[in-house]
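**Q** If you scroll down you'll find the structure; I have some questions about it.
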Number of protein chains: 2
Amino acid sequence: MSNKKISSREEDYSQWYNDLVIRGNLADYSSVRGCMVIKPHGYAIWENMKDALDKMFKDTGHVNAYFPLFVPKHLFEAEEKNAEGFAKECAVVTHYRLKNDPENPGKLIVDPEAKLEEELIVRPTSEAIIWSTYKNWIQSYRDLPLLINQWANVVRWEMRTRLFLRTAEFLWQEGHTAHATAEEAIEETERMLDVYETFAREYMALPVYKGVKPEHEKFAGAEKTYTIEAMTQDKQAIQAGTSHYLGQNFAKAFDVKFQNKEGVEEYVYATSWGVSTRLIGTLIMAHSDDEGLILPPKLAPIQVVIIPLFMKDAAVNNMLIEKAQELKNQLLSHNIKVKVDLDESKRPGFKFAEYELLGMPVRVVIGPRDLEQGKIEICRRDTKEKYLSDLMHADLHINQLLVDIQHNIYDKALKFRTDNTFEVVDYEEFKDVIQHKGGFVIAYWDGLEETANKIKTETKATIRCIIQNNEDSSKLCVYSKNKAKHKVIFAENY
Amino acid sequence: MSNKKISSREEDYSQWYNDLVIRGNLADYSSVRGCMVIKPHGYAIWENMKDALDKMFKDTGHVNAYFPLFVPKHLFEAEEKNAEGFAKECAVVTHYRLKNDPENPGKLIVDPEAKLEEELIVRPTSEAIIWSTYKNWIQSYRDLPLLINQWANVVRWEMRTRLFLRTAEFLWQEGHTAHATAEEAIEETERMLDVYETFAREYMALPVYKGVKPEHEKFAGAEKTYTIEAMTQDKQAIQAGTSHYLGQNFAKAFDVKFQNKEGVEEYVYATSWGVSTRLIGTLIMAHSDDEGLILPPKLAPIQVVIIPLFMKDAAVNNMLIEKAQELKNQLLSHNIKVKVDLDESKRPGFKFAEYELLGMPVRVVIGPRDLEQGKIEICRRDTKEKYLSDLMHADLHINQLLVDIQHNIYDKALKFRTDNTFEVVDYEEFKDVIQHKGGFVIAYWDGLEETANKIKTETKATIRCIIQNNEDSSKLCVYSKNKAKHKVIFAENY
């Protein structure tokens, strides 16, 4: 760890974020344009996210499978809206071999004789390849519902990339389900949105708004896109997960029909839903501070770090190590992820700063003086509160403390969001909030893309989601003053 | 499930294998040349393999990370031998955008204006991209050892593909470690080979030979390649995992140096090691029979299936269901993966055949007549043995039975291998074994690639691994009759 200070949120929020990602050992730039390396500390957070989500998917009846990385062009273009939505940002494989460069010994060139007859698209999302497969798997209503999830990498050739938030390659899960009726498919779409909301709340300690994207912002190929939207500490919105009702669009594009109970052939109804490594960026944006990461205990790769305060006396040090190991074993018996730092080459102050940077929720310091009183020092990362606590039953105390920290991080984020969410009816007030305060603006909208575009041009704020449809004729659009169609959330966004 | 019979091993081993993969619901062909779809049943086996291996990697000090899918060409070609080894089979991304085909409305073509300045290779293995990253991570001996594993997909444009055994895209893990000394790196290489051997034995119920590949068959870019080799039921060898000592080859290619304790700069020593979804193919080849898959309990997605024998009497059926659920809950308390089949639309005989095909280790049938005596019927998949057992304490019995089945599958495979492994000194005998009996031939070899090639041409047998170096001057090469350098295993192979 270099001791160069990280930028503060105040002075440069964007730089602060990058500093945390890099110096917090979460990810690194790579030699491939727009692609990141996810470092062990960052990947361990992703593993914890995956484990929790995977269990939630299985508990709701889904199974995992794996589909090819490549999509042949003729399949890619089959669902036209989907193809159009992704065509401008996809990596294309055109050749399957390199050969020695006759003019540069030791160098390789693409072998022009190994040109593919049909180009392969590196999947930006897998609807096309999956629905071309489902065609063979679905014949009858007995084959439905088909509830499959995939953990995979995908590639979207984004022009402006940002570690975790927008990278050319990212890791994600994509659920792809097939149903006999529209009702069932919509139910599934909403169920998975609820799963995402629960995951955000319970694991990421993140309050999110659930809602529906306006027509002009839905997923390419979807009938309806649901989203969860979180608030960052610079008061912008971040889309954290989406769930799409695809209607019969893909079934029609790939001719996937089933025989219903009455023996009649029908097109299948579909959903797809996904969250990605973007969640890690969201986590940082929502909770961390100017000293480093703040990780919710449920997702922290290490929840407790125990640091013995080494002295010059070896006998004392051995005793400290023994106490540290004892406490470690007690914590392990509560399934707490714990590390004892026995590195004698670094000073305690250095270690404290390092673990703050990495976001370990609880730090325990075991020193000889405190120990004489039967005490240890506990420092919680979220509030930086520091206090002495009894070594006796410290495991029980810490176990509860981790629960408290998880809740506190959530409560803090919820309070922040509440403090920065404003219901407005007047457009001047709208502009004032967006331009001077920042935050979420809840307002009525007439449902016209044109109105949304004008607001975006004038304020940079976009509609994050529809939280309610409006039937009340007295409610007017904040911009056009025409009759409002929806109650929506506006915000600037990542 | 169609009721078309699967081919027998006797009549067509190769077709038998394909039938099991397809009809056993493990994988499917896809619309992408050489790429497979891993179906839920197959993927669940992979998940079990991953979980067990991942724990073993972490227990030996490794952490996971994730590196980019793409390798820029100049990095790909940096380690020349490695590049040469993979150049002929790699997928190359040359463009990053599609556009509408002006001549075919609704169709897309590659946008010639979106040609990449430098081509990207879809990783066939990640040494190049990882070592170009390690350069930034390693400065001092304090940064070593670096013990990282990655779970990922890789692409090798194989000309002849085979579900699981050889596919253009496959899933694998690849460990990439960096060390301060050659000794430490070699120790790591051997440690991970031991991990693979333990995994094969304890989870896959698979005996393997451990050894070193001959020089001419080592991994492109390695100093030394270690392998585990298993025997299939058609008495061929299958390489199930490899561990490579890479020396300083990649460190030199990517200029990765560290300052040792004495303050002197040195190149880093490397290893890499991997196993892939090929293990699923190996598993099938080793244990399954003409009725379907035989899965070792430790890797079976479902270990016990309980089938109530439904009658016409609803009250009886309810009682059967109740008993089945009770037993299920008891089994769950032992962490046994159990399914109760309540489908009334299928006959018991159909279900029995289906679960045999899918490889469920234990089938429990609950029928009213047996139940009157307090009995249930148990059928084990490995031996097809069927017997009545007390319902009382059935959970304990089944828990032990699963252990027995796991051992029995291993013992059977070990006996098969022993019965089909021959030590020979005479070349005529060698040919006789390979051509008429099949199996592994243990013999002495003079260490010359030329000799190995002649043997291969004459018999199709290749050297699978060196199991012992030879110092005894009386031991002569089975072919050349010159002084032997190694004791090796010959076999035909997948």
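As shown in the structure tokens, the chain order sets the letters A, B, ...; within each chain, residues go from 1, and ligands are also counted from 1 in the order they appear.
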Kindly determine which residues of chain A lie within 7 Å of chain B, considering only C-alpha atoms, and give the answer as a PyMOL selection string.
**A** chain A and resi 30+32+35-40+43+63-68+70-72+77+80+87-99+106-108+133+157
**Q** Would you kindly return, as a count of residues only, each protein, DNA or RNA residue with an atom no farther than 12 Å from any atom of Asn482 (chain A), considering only C-alpha atoms and excluding same-chain residues fewer than 6 positions away?
**A** 10
**Q** Rank nothing, just name the residue among B:Glu344, B:Glu266, B:Asp54, B:Glu113 nearest to Gly175 (chain B), using only C-alpha atoms.
**A** B:Asp54
**Q** Would you please extract all strand (DSSP E or B) residues from region 109-335 of chain A, as assigned by DSSP on the backbone, and give them as a VMD selection string?
**A** chain A and resid 109 to 110 115 to 122 140 146 to 155 162 166 169 to 179 209 to 212 224 to 231 237 to 247 257 to 259 265 to 267 269 to 276 289 292 304 to 308
**Q** From the DSSP assignment of the backbone, select every residue of region 189-363 of chain B that is helix (DSSP H, G or I), and format the answer as a VMD selection string.
**A** chain B and resid 189 to 202 215 to 217 249 to 253 278 to 287 314 to 333 348 to 358
**Q** May I have the residues within 10 Å of Asn420 (chain A) as a list in words, using only C-alpha atoms and disregarding those fewer than 4 positions away in the same chain?
**A** Met231, Gln233, Lys235, Gln236, Leu414, Lys415, Phe416, Val433, Lys437, Gly438, Gly439, Phe440 and Val441 of chain A
**Q** Mind dumping the selected residues with C-alpha atoms as a PDB file, in the first residue's frame?
**A**
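Final output, saved to selection23.pdb:
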ATOM      1  CA  MET A 231     -28.612   6.375  -4.709  1.00  0.00           C
ATOM      2  CA  GLN A 233     -23.275   9.505  -2.198  1.00  0.00           C
ATOM      3  CA  LYS A 235     -26.835  11.904  -5.014  1.00  0.00           C
ATOM      4  CA  GLN A 236     -27.072  10.320  -8.420  1.00  0.00           C
ATOM      5  CA  LEU A 414     -31.745   4.984   3.861  1.00  0.00           C
ATOM      6  CA  LYS A 415     -31.542   8.240   5.807  1.00  0.00           C
ATOM      7  CA  PHE A 416     -29.267   9.703   3.155  1.00  0.00           C
ATOM      8  CA  VAL A 433     -33.298  20.450  -6.722  1.00  0.00           C
ATOM      9  CA  LYS A 437     -29.144  20.093  -4.206  1.00  0.00           C
ATOM     10  CA  GLY A 438     -28.927  16.917  -6.263  1.00  0.00           C
ATOM     11  CA  GLY A 439     -30.889  13.810  -5.380  1.00  0.00           C
ATOM     12  CA  PHE A 440     -34.015  12.011  -6.464  1.00  0.00           C
ATOM     13  CA  VAL A 441     -36.998  13.996  -7.580  1.00  0.00           C
TER      14      VAL A 441
END
**Q** Quick one: pull the distance between CA of Phe57 (chain B) and CA of Glu187 (chain B), Å, one decimal.
**A** 14.7 Å
**Q** Please, which residues in region 261-362 of chain B fall within 8 Å of region 193-216 of chain B when counting only C-alpha atoms, and what is the closest atom pair and distance in Å to one decimal for each, ordered by chain then residue number, as a tab-separated table?
**A**
residue	atom	partner	partner_atom	distance
B:Leu283	CA	B:Met204	CA	6.6
B:Ala286	CA	B:Leu206	CA	7.5
B:Pro296	CA	B:Met204	CA	6.3
B:Lys298	CA	B:Tyr203	CA	5.6
B:Leu299	CA	B:Tyr203	CA	6.5
**Q** Of the candidates B:Leu165, B:Leu146, B:Glu229, B:Trp273, which shows the shortest atom-to-atom distance to Met192 (chain B), using only C-alpha atoms?
**A**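 Selected residue with least distance to Met192 (chain B): B:Trp273.
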**Q** Expressed in Å to a single decimal, how great is the separation between CA of Arg162 (chain A) and CA of Tyr13 (chain A)?
**A** 13.3 Å
**Q** Show which residues sit within 9 Å of Phe310 (chain A), as a PyMOL selection string. Count only C-alpha atoms, and ignore same-chain residues fewer than 2 positions away.
**A** chain A and resi 307-308+312-314+316-317+320-321+342+344+348+366-368
**Q** Could you list, as a list in words, every residue within 10 Å of Lys257 (chain A), counting only C-alpha atoms and ignoring same-chain residues fewer than 2 positions away?
**A** Tyr134, Lys135, Asn136, Ile138, Gln139, Ser140, Tyr141, Ala180, Gln248, Ala251, Lys252, Phe254, Asp255, Gln259, Asn260, Val264, Glu265, Glu266, Tyr267, Val268 and Tyr269 of chain A
**Q** Using only C-alpha atoms, which residue out of B:Cys465, B:Ala230, B:Ala394, B:Asp432 lies closest to Lys328 (chain B)?
**A**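 With only C-alpha atoms as the atom set, the closest residue is B:Ala394.
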**Q** Counting only C-alpha atoms, which of B:Val424, B:Val365, B:Ile22, B:Ile463 gets nearest to Ile306 (chain B)?
**A**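 That would be B:Val365, the residue with the smallest distance to Ile306 (chain B).
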**Q** Please provide as a list of chain:residue names all residues within 6 Å of region 459-462 of chain A, with the sequence filter that same-chain residues fewer than 3 positions apart are discarded (counting only C-alpha atoms).
**A**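 Contacts, with the query itself left out: A:Ile455, A:Lys456, A:Phe490, A:Ala491, A:Glu492.
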**Q** Write out the residues from the selection above, keeping N, CA and C atoms, as a tab-separated table (two decimals), in the first residue's frame.
**A**
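Resulting contents of again-v2.tsv:
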chain	number	residue	atom	x	y	z
A	455	ILE	N	-36.69	17.46	-20.58
A	455	ILE	CA	-36.21	17.58	-19.19
A	455	ILE	C	-34.74	17.18	-19.11
A	456	LYS	N	-34.41	16.12	-19.84
A	456	LYS	CA	-33.03	15.65	-19.82
A	456	LYS	C	-32.08	16.71	-20.39
A	490	PHE	N	-37.04	11.04	-11.03
A	490	PHE	CA	-36.04	11.66	-11.91
A	490	PHE	C	-34.72	11.78	-11.14
A	491	ALA	N	-33.62	11.61	-11.85
A	491	ALA	CA	-32.31	11.87	-11.24
A	491	ALA	C	-31.25	11.90	-12.33
A	492	GLU	N	-30.12	12.50	-12.01
A	492	GLU	CA	-28.94	12.27	-12.84
A	492	GLU	C	-28.48	10.85	-12.53
**Q** Would you list the contacts of Glu356 (chain A) as a ChimeraX atom specification, taking every protein, DNA or RNA residue within 12 Å and counting only C-alpha atoms, but skipping same-chain residues closer than 5 positions in sequence?
**A** /A:20,23-24,288-295,303-305,349-351,361-363,379-384
**Q** Just to confirm, what's the straight-line distance from CA of Ile238 (chain B) to CA of Ser126 (chain B) in Å (one decimal)?
**A** 23.1 Å
**Q** Name the closest residue to His407 (chain B) among the candidates B:Ser480, B:Trp131, B:Pro297, B:His334; distances are taken between atoms, counting only C-alpha atoms.
**A**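 The closest residue to His407 (chain B) is B:Pro297.
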